[in-house]
Protein chains: 2
Amino acid sequence: MNLEDIAKKAGVSRATVSRVINDAPEVNAKTREHVWTVIHAENFQPNPAARALVRRRTEIIGLVVPTTENIFFTDNNYFMQVLAGVSRVTRERDYAMLLWLGEQTDNDHRMMQKVANNRAMDGMIIVSMTHDHPMFKRLLSLDGPFVMIDRPLEYAETLSYVTVDNIGAAERATEHLISLGRRRIAHITGDMGISDARDRLQGYKNALHRAGLPIDPDLIVECHFNRQMGYEAAMRLFPFKPDGLFAAGDTIALGVLQAARAVGIRVPDDLSVIGFDDVDVASQTMPTLTTMRQPLQSKGAAATSLLIDLIEKRLENPQHVVLDTELIVRQSCGANPPGLGYLNEKSA
Amino acid sequence: MNLEDIAKKAGVSRATVSRVINDAPEVNAKTREHVWTVIHAENFQPNPAARALVRRRTEIIGLVVPTTENIFFTDNNYFMQVLAGVSRVTRERDYAMLLWLGEQTDNDHRMMQKVANNRAMDGMIIVSMTHDHPMFKRLLSLDGPFVMIDRPLEYAETLSYVTVDNIGAAERATEHLISLGRRRIAHITGDMGISDARDRLQGYKNALHRAGLPIDPDLIVECHFNRQMGYEAAMRLFPFKPDGLFAAGDTIALGVLQAARAVGIRVPDDLSVIGFDDVDVASQTMPTLTTMRQPLQSKGAAATSLLIDLIEKRLENPQHVVLDTELIVRQSCGANPPGLGYLNEKSA
DNA sequence: CTGCTCATTGAGAGCGCTCTCAGTAATCTC
DNA sequence: GAGATTACTGAGAGCGCTCTCAATGAGCAG
């Protein structure tokens, strides 16, 4: 079943059927209606390959996660939230989404190569790629537009991206701990190849500086966005007796809570803890986790919306979107009473 | 840049370039090599739309999650694991993956309609669709092949699917509790529109029956695969004083642990708990969760592999794949000593 | 009635590829 | 050395759509 068949059945030409399907204005109302009747009767869908061939547009975007290690499998729904946001907007705007998940192996490079060469996508969204990723430069020579989620460390002025004000958010997080009377505030960073991690470190320093507190290198530990490494980082930190701790991500904070329990440090009494992201587990830990929420779904949605605008030439490169964050005060910082453990928020 | 251009540059015909790209055997070795050189020099990629148009194959499969509510956002990485499995195999076999996430709204139906009509996919994988989903019958009239993850309740003989032996697994889970001396063993079911839930209930009953234990309707509560409802179900169950509890999913078990803590029931001392799935949080709860592991990544991988075989006519419908489950004994059942809470398994 | 405008429609080229079929030159057979 | 076989290559049709351009006919002005 193709346009020709429909045309024959409707007693019009192929061109007219095409016009009807594409909502061209010049078709006579009666003709239009009649053609639609036939199309519906046959449950006809135009062949997307043929259409893409002539229009040079597939209405497919790609969502690329260069490496899954950091954000994908680490005790949280970070990626799922982003995905949900992307999914919503693609649906709304009648696009489809190709998903490309990288690996932490050589194949990753080969996969990215394939992705970059794939001409089936009109554009792509790239999630949290480290600045030293081998594909970075390759991407810049791409034909189609792309949008980065999280500010890239290099080429930030020339690329489009969606992010949050990490510096400001980290300042507020740190200030929150300061406002609770904490003075030896530690910081565990995320992967320093990602701008988020660097910016949060910067924000932490800014806040200390502004409060007249010293910046103690012993209280800063470099880490990655995962629980296991957060646990280890916390263990390295504890001998220096911090009374507050700002973790660059909630998964890191999970490791911190775990480490604190292991060595008998009470949270929040002995140690006031704040995370970043507000992934779902943050409200279920014991104690529940105070955190700086970033709007993950909105990040995905904004990136998608921006990408499609770029594809459809409603906007042009580069565009920078900065979304708001919000301090979510729960138990781990000590500003709230202990309460009932992880039952407080979502439960009966 | 197209085939014609490459042909001109290489001094051969379009047909020969096509042969080289598609690895046709009849091309002279020298010609082949020369053409490849030109292709690489130009970094040429054939236009997928043109190719799809004539081959009637896109090498794109769809992954369809009819409604996200159950498995998507509920405190676990069930879907992520399946996704990882699908992703791995599509990568290996040089396919791309279109992801379609449903919603719990009217749009869901419209979305599924769109998916079913989308002719850009060679086939699709459908995750855990309830048997009463409005799209179910529509799917059966589809042109391309599809594979269900989890056995469909209807048409199971005529459709291809990948699942685990839920009945047998539930029997073993229940028997494990029995072997620990528990006699008043309760069951909280999953969504009864999904065969997994029904089968697990059946397995639970089988095990009780085989052990000569009565099947007490008071000890069976119908539920869905989420923590909140698991919590409520547990609360309804507690007045009947169970000493063992088999939850049809780990997320339900999370709710059970939470409810038990809320009312002061000690797990495993007062109540021996076992879950199903082994999602990531299962090893991080307090106490850690004993559970029947199902190989989620393998489910995704097997479904993908099967689908592609179906597409490429290596196999024909219907195919049924049943994967193995494994009992993971942790703390919540009482077979293990209490230990250090959720630090035991994955941590330093 | 003639010539014009305007609304609507159809014919046909062409998007970039695959694949069949025929052609050519080299090699083999006897 | 003639005919048959083999190895390779090119020409060209056609996949199903979009889009330009020309054609048609109705309506209208004069």
# chains A, B, ... in the order shown; residues from 1 in each chain; ligands from 1
>>> select_by_dssp(residues="region 67-237 of chain B", states="strand (DSSP E or B)", output="list of chain:residue names")
B:Ala96, B:Met97, B:Leu98, B:Leu99, B:Trp100, B:Leu101, B:Gly123, B:Met124, B:Ile125, B:Ile126, B:Val127, B:Phe146, B:Val147, B:Met148, B:Ile149, B:Ser160, B:Tyr161, B:Val162, B:Thr163, B:Val164, B:Ile185, B:Ala186, B:His187, B:Ile188, B:Ile220, B:Val221
>>> closest_atom_pairs(of="chain C", to="chain B", cutoff="7 Å", atoms="only C-alpha atoms (C1' of nucleotides)", output="tab-separated table")
residue	atom	partner	partner_atom	distance
C:DG16	C1'	B:Ala50	CA	5.1
C:DC17	C1'	B:Ala50	CA	4.8
C:DT18	C1'	B:Val54	CA	6.1
>>> interface_residues(of="chain A", to="chain B", cutoff="7 Å", atoms="only C-alpha atoms", output="NGL selection string")
:A and (45 or 47-50 or 52-53 or 75 or 87 or 96-99 or 101 or 117 or 119-120 or 228 or 280 or 347)
>>> interface_residues(of="chain D", to="chain B", cutoff="9 Å", atoms="only C-alpha atoms (C1' of nucleotides)", output="MDAnalysis selection string")
chainID D and resid 7:10 14:16
>>> write_last_selection(atoms="C-alpha atoms (C1' of nucleotides)", output="PDB file, in the first residue's frame")
ATOM      1  C1'  DA D   7      35.257 -13.309 -13.199  1.00  0.00           C
ATOM      2  C1'  DC D   8      34.103  -8.997 -13.002  1.00  0.00           C
ATOM      3  C1'  DT D   9      31.736  -4.653 -14.126  1.00  0.00           C
ATOM      4  C1'  DG D  10      28.210  -1.268 -15.776  1.00  0.00           C
ATOM      5  C1'  DG D  14      12.659   1.109  -9.530  1.00  0.00           C
ATOM      6  C1'  DC D  15      11.847   1.624  -4.214  1.00  0.00           C
ATOM      7  C1'  DG D  16       7.757   5.505  -2.390  1.00  0.00           C
TER       8       DG D  16
END
>>> residues_around(residues="region 313-325 of chain B", least_positions_apart="5", cutoff="6 Å", atoms="only C-alpha atoms (C1' of nucleotides)", output="ChimeraX atom specification")
/B:158-164,293-294
>>> residues_around(residues="Asp269 (chain A)", least_positions_apart="6", cutoff="12 Å", atoms="only C-alpha atoms (C1' of nucleotides)", output="VMD selection string")
chain A and resid 180 to 182 242 to 244 260 287 331 to 338
>>> select_by_dssp(residues="region 72-268 of chain B", states="helix (DSSP H, G or I)", output="MDAnalysis selection string")
chainID B and resid 78:92 106:117 136:140 166:179 195:210 217:219 227:240 250:263
>>> residues_around(residues="region 192-209 of chain A", least_positions_apart="5", cutoff="10 Å", atoms="only C-alpha atoms (C1' of nucleotides)", output="count of residues only")
44
>>> atom_distance(atom1="CA of Val64 (chain B)", atom2="CA of Asp122 (chain A)")
21.3 Å
>>> closest_residue(among="C:DT9, C:DT27, C:DT2, C:DT20", to="DT6 (chain D)", atoms="only C-alpha atoms (C1' of nucleotides)")
C:DT27
>>> decode(residues="region 127-265 of chain A", atoms="C-alpha atoms", output="mmCIF file, in the first residue's frame")
data_model
loop_
_atom_site.group_PDB
_atom_site.id
_atom_site.type_symbol
_atom_site.label_atom_id
_atom_site.label_comp_id
_atom_site.auth_asym_id
_atom_site.auth_seq_id
_atom_site.Cartn_x
_atom_site.Cartn_y
_atom_site.Cartn_z
ATOM 1 C CA VAL A 127 24.502 13.480 28.128
ATOM 2 C CA SER A 128 27.337 14.370 30.472
ATOM 3 C CA MET A 129 30.286 13.664 28.262
ATOM 4 C CA THR A 130 33.654 14.219 29.858
ATOM 5 C CA HIS A 131 35.748 16.819 28.084
ATOM 6 C CA ASP A 132 38.495 14.360 27.286
ATOM 7 C CA HIS A 133 36.236 11.885 25.540
ATOM 8 C CA PRO A 134 37.888 10.743 22.296
ATOM 9 C CA MET A 135 34.788 11.619 20.321
ATOM 10 C CA PHE A 136 34.630 15.187 21.400
ATOM 11 C CA LYS A 137 36.379 16.695 18.450
ATOM 12 C CA ARG A 138 34.673 14.392 16.012
ATOM 13 C CA LEU A 139 31.331 15.719 17.155
ATOM 14 C CA LEU A 140 32.281 19.241 16.317
ATOM 15 C CA SER A 141 32.627 18.327 12.660
ATOM 16 C CA LEU A 142 29.162 16.844 12.569
ATOM 17 C CA ASP A 143 26.604 17.964 10.045
ATOM 18 C CA GLY A 144 23.483 17.845 12.194
ATOM 19 C CA PRO A 145 22.956 19.983 15.283
ATOM 20 C CA PHE A 146 23.505 18.624 18.761
ATOM 21 C CA VAL A 147 22.845 19.749 22.293
ATOM 22 C CA MET A 148 24.851 18.816 25.320
ATOM 23 C CA ILE A 149 23.285 18.134 28.666
ATOM 24 C CA ASP A 150 25.662 19.727 31.169
ATOM 25 C CA ARG A 151 28.032 22.419 30.076
ATOM 26 C CA PRO A 152 31.017 21.071 28.168
ATOM 27 C CA LEU A 153 34.370 22.085 29.562
ATOM 28 C CA GLU A 154 35.729 22.941 26.156
ATOM 29 C CA TYR A 155 34.069 24.832 23.325
ATOM 30 C CA ALA A 156 31.336 25.933 25.712
ATOM 31 C CA GLU A 157 30.846 29.185 23.841
ATOM 32 C CA THR A 158 30.289 27.532 20.497
ATOM 33 C CA LEU A 159 28.098 24.616 21.574
ATOM 34 C CA SER A 160 24.503 24.534 22.717
ATOM 35 C CA TYR A 161 23.857 23.066 26.119
ATOM 36 C CA VAL A 162 21.412 22.821 28.989
ATOM 37 C CA THR A 163 22.639 22.952 32.544
ATOM 38 C CA VAL A 164 21.991 24.376 35.985
ATOM 39 C CA ASP A 165 23.896 27.059 37.849
ATOM 40 C CA ASN A 166 26.166 24.606 39.607
ATOM 41 C CA ILE A 167 28.349 27.246 41.164
ATOM 42 C CA GLY A 168 25.434 29.100 42.684
ATOM 43 C CA ALA A 169 23.764 25.906 43.801
ATOM 44 C CA ALA A 170 26.926 24.654 45.463
ATOM 45 C CA GLU A 171 27.307 27.987 47.190
ATOM 46 C CA ARG A 172 23.823 27.706 48.605
ATOM 47 C CA ALA A 173 24.369 24.119 49.678
ATOM 48 C CA THR A 174 27.554 25.030 51.487
ATOM 49 C CA GLU A 175 26.001 28.126 52.993
ATOM 50 C CA HIS A 176 23.209 25.981 54.332
ATOM 51 C CA LEU A 177 25.734 23.916 56.271
ATOM 52 C CA ILE A 178 27.444 27.074 57.470
ATOM 53 C CA SER A 179 24.122 28.479 58.603
ATOM 54 C CA LEU A 180 23.669 25.355 60.716
ATOM 55 C CA GLY A 181 26.809 26.269 62.612
ATOM 56 C CA ARG A 182 29.168 23.869 60.887
ATOM 57 C CA ARG A 183 32.710 25.112 60.485
ATOM 58 C CA ARG A 184 34.820 22.190 59.285
ATOM 59 C CA ILE A 185 32.930 21.547 56.090
ATOM 60 C CA ALA A 186 34.315 18.937 53.737
ATOM 61 C CA HIS A 187 33.626 18.449 50.049
ATOM 62 C CA ILE A 188 33.712 15.293 47.959
ATOM 63 C CA THR A 189 33.892 16.148 44.277
ATOM 64 C CA GLY A 190 32.431 14.370 41.282
ATOM 65 C CA ASP A 191 34.339 13.347 38.188
ATOM 66 C CA MET A 192 36.528 16.352 37.501
ATOM 67 C CA GLY A 193 36.301 15.737 33.791
ATOM 68 C CA ILE A 194 32.730 17.021 34.004
ATOM 69 C CA SER A 195 32.077 20.708 34.449
ATOM 70 C CA ASP A 196 29.394 20.093 37.055
ATOM 71 C CA ALA A 197 31.977 18.666 39.410
ATOM 72 C CA ARG A 198 34.389 21.545 38.899
ATOM 73 C CA ASP A 199 31.694 24.140 39.300
ATOM 74 C CA ARG A 200 30.385 22.608 42.485
ATOM 75 C CA LEU A 201 33.855 22.584 43.928
ATOM 76 C CA GLN A 202 34.157 26.225 42.963
ATOM 77 C CA GLY A 203 30.839 27.052 44.587
ATOM 78 C CA TYR A 204 31.910 25.283 47.756
ATOM 79 C CA LYS A 205 35.096 27.326 47.877
ATOM 80 C CA ASN A 206 33.247 30.537 47.165
ATOM 81 C CA ALA A 207 30.886 29.961 50.068
ATOM 82 C CA LEU A 208 33.676 29.191 52.510
ATOM 83 C CA HIS A 209 35.599 32.184 51.359
ATOM 84 C CA ARG A 210 32.633 34.472 51.682
ATOM 85 C CA ALA A 211 31.985 33.196 55.220
ATOM 86 C CA GLY A 212 35.585 33.810 56.163
ATOM 87 C CA LEU A 213 36.268 30.113 56.629
ATOM 88 C CA PRO A 214 39.591 28.598 55.559
ATOM 89 C CA ILE A 215 39.771 26.299 52.571
ATOM 90 C CA ASP A 216 41.459 23.196 53.913
ATOM 91 C CA PRO A 217 42.818 20.849 51.211
ATOM 92 C CA ASP A 218 42.510 17.969 53.653
ATOM 93 C CA LEU A 219 38.763 18.455 53.604
ATOM 94 C CA ILE A 220 38.468 18.165 49.826
ATOM 95 C CA VAL A 221 38.583 14.725 48.248
ATOM 96 C CA GLU A 222 38.388 14.032 44.556
ATOM 97 C CA CYS A 223 35.933 11.310 43.666
ATOM 98 C CA HIS A 224 33.486 10.123 41.016
ATOM 99 C CA PHE A 225 29.717 10.074 40.982
ATOM 100 C CA ASN A 226 29.171 6.719 42.614
ATOM 101 C CA ARG A 227 28.416 5.248 45.965
ATOM 102 C CA GLN A 228 31.369 2.955 46.307
ATOM 103 C CA MET A 229 33.870 5.709 45.659
ATOM 104 C CA GLY A 230 31.878 8.033 47.883
ATOM 105 C CA TYR A 231 32.239 5.518 50.658
ATOM 106 C CA GLU A 232 35.988 5.369 50.199
ATOM 107 C CA ALA A 233 36.307 9.137 49.926
ATOM 108 C CA ALA A 234 34.376 9.571 53.162
ATOM 109 C CA MET A 235 36.638 7.110 54.908
ATOM 110 C CA ARG A 236 39.660 9.105 53.802
ATOM 111 C CA LEU A 237 37.999 12.262 55.035
ATOM 112 C CA PHE A 238 36.866 11.181 58.497
ATOM 113 C CA PRO A 239 40.306 11.333 60.176
ATOM 114 C CA PHE A 240 40.240 15.081 59.551
ATOM 115 C CA LYS A 241 37.110 15.409 61.647
ATOM 116 C CA PRO A 242 34.715 17.320 59.421
ATOM 117 C CA ASP A 243 31.457 18.435 61.032
ATOM 118 C CA GLY A 244 29.747 19.143 57.707
ATOM 119 C CA LEU A 245 30.014 17.535 54.309
ATOM 120 C CA PHE A 246 28.832 18.625 50.910
ATOM 121 C CA ALA A 247 28.838 15.767 48.396
ATOM 122 C CA ALA A 248 28.819 16.696 44.711
ATOM 123 C CA GLY A 249 26.158 14.071 44.018
ATOM 124 C CA ASP A 250 23.555 12.087 45.925
ATOM 125 C CA THR A 251 25.155 8.784 45.072
ATOM 126 C CA ILE A 252 28.342 10.002 46.701
ATOM 127 C CA ALA A 253 26.284 11.063 49.712
ATOM 128 C CA LEU A 254 24.865 7.542 49.913
ATOM 129 C CA GLY A 255 28.395 6.257 50.298
ATOM 130 C CA VAL A 256 29.043 8.875 52.934
ATOM 131 C CA LEU A 257 26.015 7.832 54.982
ATOM 132 C CA GLN A 258 27.114 4.256 54.687
ATOM 133 C CA ALA A 259 30.677 5.036 55.761
ATOM 134 C CA ALA A 260 29.481 7.132 58.667
ATOM 135 C CA ARG A 261 27.340 4.300 59.914
ATOM 136 C CA ALA A 262 30.216 1.873 59.529
ATOM 137 C CA VAL A 263 32.490 3.885 61.802
ATOM 138 C CA GLY A 264 29.817 5.096 64.206
ATOM 139 C CA ILE A 265 29.649 8.710 63.125
#
